[in-house]
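*Asks:* The following file, run_11.cif, comprises mmCIF, C-alpha atoms and all ligand atoms:
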```cif
data_target
#
loop_
_atom_site.label_atom_id
_atom_site.label_comp_id
_atom_site.auth_asym_id
_atom_site.auth_seq_id
_atom_site.Cartn_x
_atom_site.Cartn_y
_atom_site.Cartn_z
CA MET A 259 65.25 41.33 36.92
CA TYR A 260 62.60 43.98 37.39
CA LEU A 261 59.38 42.75 39.03
CA SER A 262 56.15 44.73 39.14
CA ARG A 263 54.55 45.22 42.55
CA GLU A 264 52.15 42.32 41.95
CA GLU A 265 54.95 40.03 40.72
CA GLU A 266 56.92 40.92 43.82
CA LEU A 267 53.99 39.97 46.06
CA VAL A 268 53.78 36.62 44.28
CA TYR A 269 57.53 36.17 44.73
CA LEU A 270 57.20 36.90 48.45
CA GLY A 271 54.52 34.25 48.84
CA GLN A 272 51.59 36.63 49.36
CA ARG A 273 49.53 34.78 46.71
CA GLY A 274 50.16 31.28 48.02
CA GLU A 275 52.95 28.74 48.09
CA SER A 276 52.43 27.26 44.60
CA LEU A 277 52.61 30.63 42.88
CA ARG A 278 55.63 31.53 45.03
CA ARG A 279 57.41 28.39 43.83
CA ALA A 280 56.45 29.10 40.23
CA MET A 281 57.67 32.70 40.45
CA GLU A 282 60.89 31.56 42.10
CA ILE A 283 61.64 29.38 39.04
CA LEU A 284 60.93 32.21 36.60
CA VAL A 285 63.04 34.72 38.55
CA ALA A 286 65.94 32.25 38.83
CA LEU A 287 65.79 31.65 35.06
CA GLY A 288 65.55 35.36 34.36
CA ASP A 289 68.57 36.06 36.55
CA ILE A 290 70.65 33.30 34.92
CA PHE A 291 69.90 34.57 31.41
CA ASP A 292 69.98 38.26 32.26
CA ALA A 293 66.32 38.95 31.44
CA ASP A 294 65.26 42.48 32.37
CA ARG A 295 61.59 41.57 33.03
CA LEU A 296 58.79 39.05 32.62
CA ILE A 297 56.52 39.14 29.55
CA PRO A 298 53.02 37.67 29.15
CA VAL A 299 52.72 34.45 27.13
CA LYS A 300 49.80 33.42 24.93
CA SER A 301 50.08 29.69 25.58
CA VAL A 302 52.19 27.04 27.26
CA GLN A 303 53.15 23.54 26.18
CA ILE A 304 54.46 21.43 29.02
CA ALA A 305 57.00 18.60 28.72
CA GLY A 306 57.70 16.19 31.55
CA VAL A 307 54.52 14.17 31.11
CA SER A 308 55.70 10.63 30.47
CA PHE A 309 56.21 8.90 33.80
CA LYS A 310 59.20 7.23 32.11
CA ASN A 311 60.92 10.64 32.11
CA ILE A 312 59.70 12.31 35.30
CA GLY A 313 59.59 9.37 37.73
CA GLU A 314 58.33 9.57 41.33
CA ALA A 315 60.11 12.86 42.10
CA GLY A 316 58.45 14.62 39.16
CA LEU A 317 55.01 13.23 39.99
CA GLU A 318 55.38 14.38 43.60
CA TRP A 319 56.44 17.88 42.53
CA ILE A 320 53.48 18.31 40.16
CA SER A 321 51.00 16.80 42.65
CA ASP A 322 52.07 19.29 45.34
CA LEU A 323 51.13 22.31 43.23
CA LYS A 324 47.79 24.01 43.85
CA GLY A 325 45.76 26.50 41.83
CA LYS A 326 44.98 26.80 38.13
CA VAL A 327 46.92 27.79 35.06
CA VAL A 328 46.06 31.25 33.75
CA VAL A 329 46.82 30.78 30.03
CA PRO A 330 45.85 27.96 27.59
CA SER A 331 48.21 25.12 28.45
CA ILE A 332 48.58 21.69 26.95
CA LEU A 333 50.77 18.66 27.54
CA ASN A 334 53.51 16.88 25.65
CA PRO A 335 52.99 13.15 24.90
CA ALA A 336 52.59 10.85 27.89
CA GLY A 337 54.13 7.39 28.26
CA MET A 338 51.13 5.50 26.90
CA ASP A 339 47.88 5.76 25.00
CA LEU A 340 45.62 6.85 27.84
CA SER A 341 42.78 4.54 26.80
CA ARG A 342 44.47 1.69 24.89
CA TRP A 343 47.56 1.25 27.04
CA HIS A 344 46.86 -2.48 27.50
CA GLU A 345 47.39 -2.96 23.76
CA MET A 346 50.86 -1.39 24.11
CA ASP A 347 51.91 -3.96 26.70
CA ILE A 348 52.30 -1.28 29.39
CA ASP A 349 52.55 -2.72 32.89
CA ASP A 350 49.87 -1.92 35.47
CA ASN A 351 52.17 -0.07 37.83
CA PHE A 352 53.42 2.27 35.11
CA ALA A 353 49.83 2.89 33.96
CA LEU A 354 48.81 3.77 37.51
CA LYS A 355 51.63 6.29 37.86
CA GLN A 356 51.00 7.73 34.40
CA LYS A 357 47.32 8.25 35.17
CA ALA A 358 48.23 9.92 38.47
CA THR A 359 50.54 12.29 36.57
CA ILE A 360 47.79 13.17 34.10
CA ASP A 361 45.32 13.70 36.96
CA ALA A 362 47.76 16.05 38.69
CA TYR A 363 48.07 18.13 35.51
CA ARG A 364 44.28 18.05 35.02
CA ARG A 365 43.73 19.44 38.55
CA LEU A 366 45.86 22.43 37.55
CA GLY A 367 43.46 23.19 34.67
CA ILE A 368 45.76 21.93 31.91
CA ALA A 369 44.16 20.51 28.76
CA ILE A 370 44.88 16.79 28.45
CA ASP A 371 45.83 16.97 24.79
CA CYS A 372 49.10 15.10 24.98
CA THR A 373 50.83 16.08 21.77
CA CYS A 374 54.01 17.57 20.36
CA THR A 375 51.97 19.19 17.56
CA PRO A 376 49.54 21.49 19.43
CA TYR A 377 49.45 23.78 16.37
CA GLN A 378 47.80 20.92 14.39
CA ILE A 379 44.85 20.69 16.75
CA ASN A 380 44.44 24.38 17.53
CA PRO A 381 45.98 26.93 15.13
CA GLU A 382 44.97 29.74 17.51
CA ILE A 383 47.33 28.49 20.21
CA ALA A 384 50.26 30.25 18.53
CA CYS A 385 50.23 32.97 15.88
CA PHE A 386 52.89 35.14 14.28
CA GLY A 387 54.59 37.39 16.85
CA ASP A 388 53.08 35.70 19.91
CA HIS A 389 55.30 35.04 22.91
CA LEU A 390 54.95 31.47 24.20
CA ALA A 391 56.51 29.15 26.76
CA TRP A 392 56.68 25.80 24.98
CA SER A 393 58.80 22.82 25.95
CA GLU A 394 58.94 20.13 23.33
CA SER A 395 61.82 20.74 20.97
CA SER A 396 60.03 20.08 17.67
CA ALA A 397 57.04 22.17 18.75
CA VAL A 398 59.41 24.98 19.78
CA SER A 399 61.14 24.80 16.40
CA PHE A 400 57.83 24.85 14.49
CA ALA A 401 56.49 27.75 16.58
CA ASN A 402 59.63 29.87 16.16
CA SER A 403 60.34 29.03 12.54
CA VAL A 404 57.15 28.24 10.66
CA ILE A 405 54.59 30.18 12.70
CA GLY A 406 56.92 33.07 13.53
CA ALA A 407 56.00 33.03 17.23
CA ARG A 408 58.69 33.38 19.92
CA THR A 409 59.58 30.79 22.53
CA ASN A 410 62.59 29.44 24.32
CA ARG A 411 62.89 25.70 24.79
CA GLU A 412 61.41 25.50 28.28
CA GLY A 413 62.04 22.69 30.70
CA GLY A 414 58.96 21.02 32.21
CA PRO A 415 59.14 23.00 35.50
CA SER A 416 59.71 26.40 33.85
CA ALA A 417 56.83 25.79 31.40
CA LEU A 418 54.53 24.81 34.27
CA ALA A 419 55.66 27.89 36.19
CA ALA A 420 54.88 30.05 33.14
CA ALA A 421 51.43 28.45 32.89
CA LEU A 422 50.63 29.30 36.53
CA ILE A 423 51.99 32.86 36.33
CA GLY A 424 51.07 33.54 32.67
CA LYS A 425 54.51 35.03 32.02
CA THR A 426 58.06 34.07 31.08
CA PRO A 427 61.42 35.86 31.39
CA PHE A 428 62.24 38.06 28.39
CA TYR A 429 65.44 36.55 26.96
CA GLY A 430 66.70 34.15 24.29
CA TYR A 431 64.43 33.60 21.27
CA HIS A 432 62.03 36.29 22.48
CA LEU A 433 64.63 38.86 21.39
CA ASP A 434 65.46 39.83 17.77
CA GLU A 435 69.19 39.70 18.48
CA ASN A 436 69.01 35.92 19.08
CA ARG A 437 66.97 35.24 15.93
CA ILE A 438 69.70 36.07 13.45
CA PRO A 439 70.73 33.37 10.91
CA THR A 440 74.09 31.82 11.80
CA HIS A 441 74.47 29.42 8.85
CA ARG A 442 73.30 29.42 5.25
CA ILE A 443 72.47 25.92 3.99
CA ASP A 444 72.33 25.48 0.21
CA VAL A 445 70.55 22.23 -0.57
CA GLU A 446 71.50 20.95 -4.01
CA ALA A 447 68.87 18.24 -4.27
CA ASP A 448 65.12 17.90 -4.73
CA LEU A 449 63.76 16.60 -1.43
CA LYS A 450 60.49 15.05 -0.40
CA GLY A 451 58.95 13.45 2.69
CA SER A 452 61.47 11.81 4.99
CA ASP A 453 64.36 13.45 3.05
CA PHE A 454 63.62 16.48 5.22
CA GLY A 455 64.19 14.37 8.33
CA ALA A 456 67.50 13.22 6.84
CA LEU A 457 68.45 16.82 6.04
CA GLY A 458 67.61 17.92 9.57
CA PHE A 459 69.55 14.99 11.02
CA LEU A 460 72.66 16.13 9.10
CA VAL A 461 72.31 19.87 9.61
CA GLY A 462 71.48 19.71 13.34
CA ARG A 463 74.74 17.84 14.00
CA THR A 464 76.69 20.54 12.16
CA VAL A 465 75.07 23.76 13.34
CA LYS A 466 74.32 22.58 16.92
CA ASP A 467 72.34 25.48 18.50
CA GLY A 468 72.66 27.80 15.49
CA ASN A 469 69.83 29.35 13.45
CA PRO A 470 70.20 27.89 9.93
CA LEU A 471 68.79 29.63 6.87
CA PHE A 472 67.95 27.15 4.10
CA LYS A 473 67.85 27.72 0.38
CA LEU A 474 65.82 24.87 -1.08
CA SER A 475 65.04 24.07 -4.70
CA SER A 476 61.43 23.09 -3.99
CA ARG A 477 58.74 24.34 -1.63
CA PRO A 478 58.30 22.04 1.40
CA THR A 479 54.89 21.18 2.84
CA LEU A 480 54.06 22.03 6.47
CA ASP A 481 54.61 18.37 7.39
CA GLU A 482 58.04 18.42 5.75
CA LEU A 483 58.96 21.60 7.68
CA LYS A 484 57.74 19.90 10.86
CA SER A 485 60.01 16.95 10.13
CA LEU A 486 63.03 19.14 9.27
CA GLY A 487 62.78 21.18 12.47
CA ALA A 488 62.20 18.13 14.67
CA ALA A 489 65.31 16.39 13.34
CA MET A 490 67.55 19.45 13.80
CA ALA A 491 66.28 19.90 17.34
CA ALA A 492 67.25 16.31 18.15
CA SER A 493 70.57 15.79 16.35
CA GLY A 494 71.60 19.31 17.41
CA SER A 495 69.61 21.76 19.48
CA VAL A 496 68.23 24.03 16.79
CA ALA A 497 65.20 25.97 18.02
CA LEU A 498 64.81 28.34 15.06
CA TYR A 499 65.44 28.04 11.32
CA TYR A 500 64.45 29.84 8.16
CA VAL A 501 63.62 28.63 4.67
CA GLU A 502 64.06 31.33 2.05
CA GLY A 503 60.75 32.29 0.46
CA VAL A 504 58.76 29.95 2.73
CA THR A 505 58.98 30.77 6.45
CA PRO A 506 58.71 34.18 8.12
CA THR A 507 61.88 36.17 7.42
CA PRO A 508 64.80 36.88 9.81
CA PRO A 509 65.35 40.27 11.48
CA GLU A 510 66.48 42.65 8.73
CA GLU A 511 70.08 43.32 9.77
CA TYR A 512 72.53 40.45 9.97
CA GLY A 513 76.07 39.66 8.84
CA GLU A 514 77.28 36.95 6.50
CA PRO A 515 76.36 33.52 7.90
CA GLU A 516 78.68 30.53 7.54
CA LYS A 517 77.94 28.68 4.26
CA ILE A 518 77.28 24.95 4.07
CA SER A 519 76.02 22.88 1.15
CA VAL A 520 74.21 19.58 1.26
CA ASP A 521 73.85 17.32 -1.79
CA ARG A 522 71.81 14.24 -2.66
CA LYS A 523 74.66 11.88 -1.84
CA GLN A 524 74.77 13.11 1.79
CA ILE A 525 71.01 12.68 2.14
CA ASP A 526 71.19 9.16 0.68
CA GLU A 527 73.96 8.26 3.14
CA VAL A 528 71.60 8.86 6.09
CA TYR A 529 69.34 6.10 4.72
CA GLU A 530 72.28 3.81 3.82
CA ARG A 531 73.92 4.12 7.25
CA HIS A 532 70.68 3.32 9.09
CA PRO A 533 69.01 0.40 7.31
CA GLY A 534 65.69 -0.66 8.79
CA THR A 535 64.75 -3.82 6.92
CA ASP A 536 65.63 -6.06 9.90
CA ALA A 537 63.50 -4.05 12.37
CA ASP A 538 60.95 -5.89 14.53
CA ILE A 539 58.72 -2.81 14.86
CA VAL A 540 57.93 0.12 12.57
CA ALA A 541 56.75 3.43 14.02
CA LEU A 542 55.48 6.50 12.16
CA GLY A 543 54.35 9.83 13.55
CA CYS A 544 57.33 11.68 15.00
CA PRO A 545 56.30 14.47 15.30
CA HIS A 546 52.67 13.38 15.65
CA CYS A 547 50.97 12.70 12.30
CA SER A 548 48.76 15.30 10.70
CA LYS A 549 45.53 14.28 8.99
CA ALA A 550 47.33 14.49 5.62
CA GLU A 551 49.98 12.06 6.86
CA LEU A 552 47.34 9.66 8.20
CA ASN A 553 45.66 9.80 4.81
CA ARG A 554 48.93 8.93 3.04
CA ILE A 555 49.54 6.01 5.43
CA ALA A 556 45.99 4.74 4.89
CA GLU A 557 46.55 4.83 1.12
CA LEU A 558 49.85 2.96 1.38
CA LEU A 559 48.27 0.29 3.62
CA LYS A 560 45.25 -0.26 1.37
CA GLY A 561 44.69 -3.98 0.80
CA LYS A 562 47.73 -4.94 2.95
CA LYS A 563 48.17 -6.67 6.30
CA VAL A 564 51.00 -5.86 8.68
CA LYS A 565 53.35 -8.72 9.49
CA LYS A 566 55.02 -6.96 12.40
CA GLU A 567 54.01 -4.27 14.85
CA LEU A 568 53.25 -0.95 13.12
CA TRP A 569 52.48 2.09 15.27
CA VAL A 570 51.11 5.31 13.86
CA CYS A 571 51.38 8.04 16.50
CA THR A 572 49.12 11.08 16.47
CA ALA A 573 47.23 13.50 18.69
CA ARG A 574 43.93 12.15 20.02
CA LYS A 575 42.01 15.11 18.58
CA ILE A 576 43.48 14.46 15.12
CA ALA A 577 42.48 10.78 15.31
CA GLU A 578 39.01 11.65 16.60
CA GLY A 579 38.61 14.10 13.73
CA CYS A 580 39.10 11.43 11.05
CA PRO A 581 37.69 8.11 12.33
CA ASP A 582 37.43 6.71 8.76
CA LEU A 583 41.18 7.09 8.25
CA VAL A 584 41.88 5.43 11.61
CA THR A 585 39.63 2.51 10.61
CA ARG A 586 41.34 2.19 7.22
CA ILE A 587 44.80 2.15 8.85
CA GLU A 588 43.80 -0.29 11.58
CA LYS A 589 42.17 -2.66 9.06
CA SER A 590 45.74 -3.61 8.15
CA GLY A 591 46.51 -4.57 11.74
CA ALA A 592 48.48 -1.36 12.39
CA LYS A 593 47.72 0.56 15.61
CA VAL A 594 46.87 4.25 15.63
CA ILE A 595 48.31 5.30 18.96
CA CYS A 596 47.32 8.56 20.65
CA ASP A 597 48.65 10.62 23.59
CA THR A 598 52.16 9.11 23.36
CA CYS A 599 54.98 8.32 20.99
CA MET A 600 57.66 5.76 20.21
CA VAL A 601 60.33 7.75 22.08
CA VAL A 602 58.62 8.63 25.37
CA SER A 603 56.75 5.35 25.88
CA PRO A 604 58.48 2.49 27.71
CA ALA A 605 56.64 0.13 25.33
CA SER A 606 59.40 0.68 22.74
CA GLU A 607 61.85 -1.05 25.03
CA HIS A 608 60.12 -4.39 24.36
CA PHE A 609 61.58 -4.45 20.87
CA ARG A 610 65.06 -4.95 19.40
CA LYS A 611 65.06 -2.52 16.47
CA MET A 612 62.63 0.16 15.35
CA MET A 613 62.30 1.48 11.80
CA VAL A 614 61.17 5.10 11.54
CA ASN A 615 60.67 7.76 8.86
CA SER A 616 61.71 10.53 11.27
CA GLY A 617 65.15 12.11 11.68
CA LYS A 618 64.23 13.02 15.25
CA ALA A 619 63.24 9.48 16.24
CA LEU A 620 66.37 8.19 14.50
CA ALA A 621 68.49 10.49 16.68
CA TYR A 622 66.70 9.74 19.96
CA ILE A 623 65.66 6.09 19.94
CA PRO A 624 69.05 4.44 20.61
CA GLY A 625 69.81 6.71 23.58
CA LEU A 626 66.34 7.10 25.07
CA CYS A 627 64.87 3.66 24.38
CA GLY A 628 68.02 1.55 24.37
CA ILE A 629 67.15 -0.15 21.07
CA GLU A 630 68.52 0.16 17.52
CA ALA A 631 66.93 2.50 15.01
CA GLY A 632 66.65 2.24 11.22
CA PHE A 633 65.53 4.97 8.83
CA GLY A 634 63.47 4.90 5.64
CA SER A 635 60.80 6.76 3.73
CA THR A 636 57.16 6.29 4.73
CA GLU A 637 56.76 3.98 1.72
CA GLU A 638 59.77 1.87 2.80
CA CYS A 639 58.51 1.72 6.39
CA ILE A 640 55.13 0.42 5.24
CA GLU A 641 56.85 -2.06 2.93
CA VAL A 642 58.96 -3.40 5.84
CA ALA A 643 55.90 -3.58 8.14
CA THR A 644 53.80 -5.51 5.62
CA ARG A 645 56.46 -7.76 4.07
CA ARG A 646 56.60 -11.42 5.04
CA ASP A 647 60.12 -12.11 6.38
FE1 LIG B 701 56.84 14.15 19.26
FE2 LIG B 701 57.73 12.04 20.46
FE3 LIG B 701 58.78 12.76 18.20
S1 LIG B 701 57.21 13.93 21.43
S2 LIG B 701 58.56 14.95 18.14
S3 LIG B 701 56.66 12.08 18.51
S4 LIG B 701 59.89 12.09 19.99
#
```
Here is the file; what I need is its structure written in the form of structure tokens.
Ligand code: F3S
*Replies:*
Amino acid sequence: MYLSREEELVYLGQRGESLRRAMEILVALGDIFDADRLIPVKSVQIAGVSFKNIGEAGLEWISDLKGKVVVPSILNPAGMDLSRWHEMDIDDNFALKQKATIDAYRRLGIAIDCTCTPYQINPEIACFGDHLAWSESSAVSFANSVIGARTNREGGPSALAAALIGKTPFYGYHLDENRIPTHRIDVEADLKGSDFGALGFLVGRTVKDGNPLFKLSSRPTLDELKSLGAAMAASGSVALYYVEGVTPTPPEEYGEPEKISVDRKQIDEVYERHPGTDADIVALGCPHCSKAELNRIAELLKGKKVKKELWVCTARKIAEGCPDLVTRIEKSGAKVICDTCMVVSPASEHFRKMMVNSGKALAYIPGLCGIEAGFGSTEECIEVATRRD
């Protein structure tokens, strides 16, 4: 990979050990994927924040780094709500390690907005055509597909390296040739809400790391697109999709993609195969809830009391921006949880079965939390959380 004179000096350690280590990661990645050079990135989103995932070795690696990031950089969800972790039954030792991890990131100049939906708190962080180095799979999918920005799915270390250097190797989804639709998905059903999570759950398993192009009969909302992309990134490893007439369009020239159709019966089967009525916890907000989703949850909870644990996960800045909605939701006994989520927090492991309205959480919870997962619409989830058993 070609390096400019300055990049070469960084690589040789002339700008300090931390930058040398960061550049070493980027050059190794570039060499593996045959990148010809580094390109500047507009922003970075860094995974590897929950102490549950990174452990002692990760904390040590981050703590050893010196210097400051040179582009706007924010974090993925941590393992706990950073102020209300006691209410999540997080043990003191974990909390100590999690806080040390956050402090290490803070020292590097990284914004402590722990969210998988950075575009919901700052639309300027990624715009059409921008090159990014983002980590979290649903955020990557949203950035590539809905915003029309360009990012590979970075690992925690490569994202952090990109934040310190301000650049990433030019390969993968940064290039037109890798943004060509591979499958055409005709959806013969009217979908709404969590149906998009079910659709993503099905399609991700089929297309794996392909770039599906959807033809839908109705126009999805931004939250529905967020849910679709998140589910495909989890059940498969889709990092880019298109919806005809809705998202930015694919590069002009491409061949005939493989055709797949999905009907209502297949969507309904996702719900039927994953019942959630016997769950002992209900969790909403994967990806993190938008203000519109919080508003819907508040409406559904009006006049009700939860009979089992109900978590509503969102970004702290979203919650702080609508305190009335948070109060209305929490009046029911539900908890609005910030900075973390049901998948990356060890608190989920205290339960037996979690009901979710998210295709991504449905795909991840059994493997990453070691508990059962059930799936339902937001309405069904609220019904289960507020029903007396
Ligand atoms: Fe976000 Fe956690 Fe889901 S990081 S996409 S809420 S698994």
*Asks:* A:Val642, A:Leu460, A:Ile595, A:Met600: which is nearest Glu345 of chain A, counting all atoms listed in the file?
*Replies:*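 Result for the nearest residue to Glu345 of chain A: A:Ile595.
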*Asks:* Need the axis-aligned box for ligand LIG 701 (chain B) with 3 Å each side, so what are the centre and edges in Å to one decimal, as JSON?
*Replies:*
```
{"center_x": 58.3, "center_y": 13.5, "center_z": 19.8, "size_x": 9.2, "size_y": 8.9, "size_z": 9.3}
```
*Asks:* Report as a PDB file with C-alpha atoms, keeping the file's coordinate frame all protein, DNA and RNA residues lying within 7 Å of Gly634 of chain A, evaluated on all atoms listed in the file, omitting residues in the same chain fewer than 2 positions from it.
*Replies:*
```
ATOM      1  CA  TYR A 529      69.340   6.100   4.720  1.00  0.00           C
ATOM      2  CA  GLY A 534      65.690  -0.660   8.790  1.00  0.00           C
ATOM      3  CA  VAL A 614      61.170   5.100  11.540  1.00  0.00           C
ATOM      4  CA  ASN A 615      60.670   7.760   8.860  1.00  0.00           C
ATOM      5  CA  GLY A 632      66.650   2.240  11.220  1.00  0.00           C
ATOM      6  CA  THR A 636      57.160   6.290   4.730  1.00  0.00           C
ATOM      7  CA  GLU A 638      59.770   1.870   2.800  1.00  0.00           C
ATOM      8  CA  CYS A 639      58.510   1.720   6.390  1.00  0.00           C
TER       9      CYS A 639
END
```
*Asks:* Throw together the list of residues within 8 Å of ligand LIG 701 (chain B), counting all atoms listed in the file, and drop it here as a list in words.
*Replies:*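 For ligand LIG 701 (chain B), the residues inside 8 Å are Asn334, Pro335, Thr373, Cys374, Thr375, Glu394, Ser395, Ser396, Ala397, Ala488, Gly543, Cys544, Pro545, His546, Cys571, Thr572, Thr598, Cys599, Met600, Val601, Val602, Ser616, Lys618, Ala619 and Tyr622 of chain A.
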*Asks:* So the first atom is atom CA of Val329 of chain A and the second is atom CA of Asp434 of chain A; what is the distance between them in Å, to one decimal place?
*Replies:*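 For atom CA of Val329 of chain A relative to atom CA of Asp434 of chain A, the distance reads 24.1 Å.
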*Asks:* I need the residue nearest Met612 of chain A from this list: A:Leu568, A:Met346, A:Ile525, A:Cys372. Use only C-alpha atoms for the distance.
*Replies:*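 Under the stated criterion, the closest residue is A:Leu568.
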*Asks:* Segment 581-588 of chain A: which residues within 6 Å, counting all atoms listed in the file, same-chain residues fewer than 4 positions away excluded, as an MDAnalysis selection string?
*Replies:* chainID A and resid 556 592:593
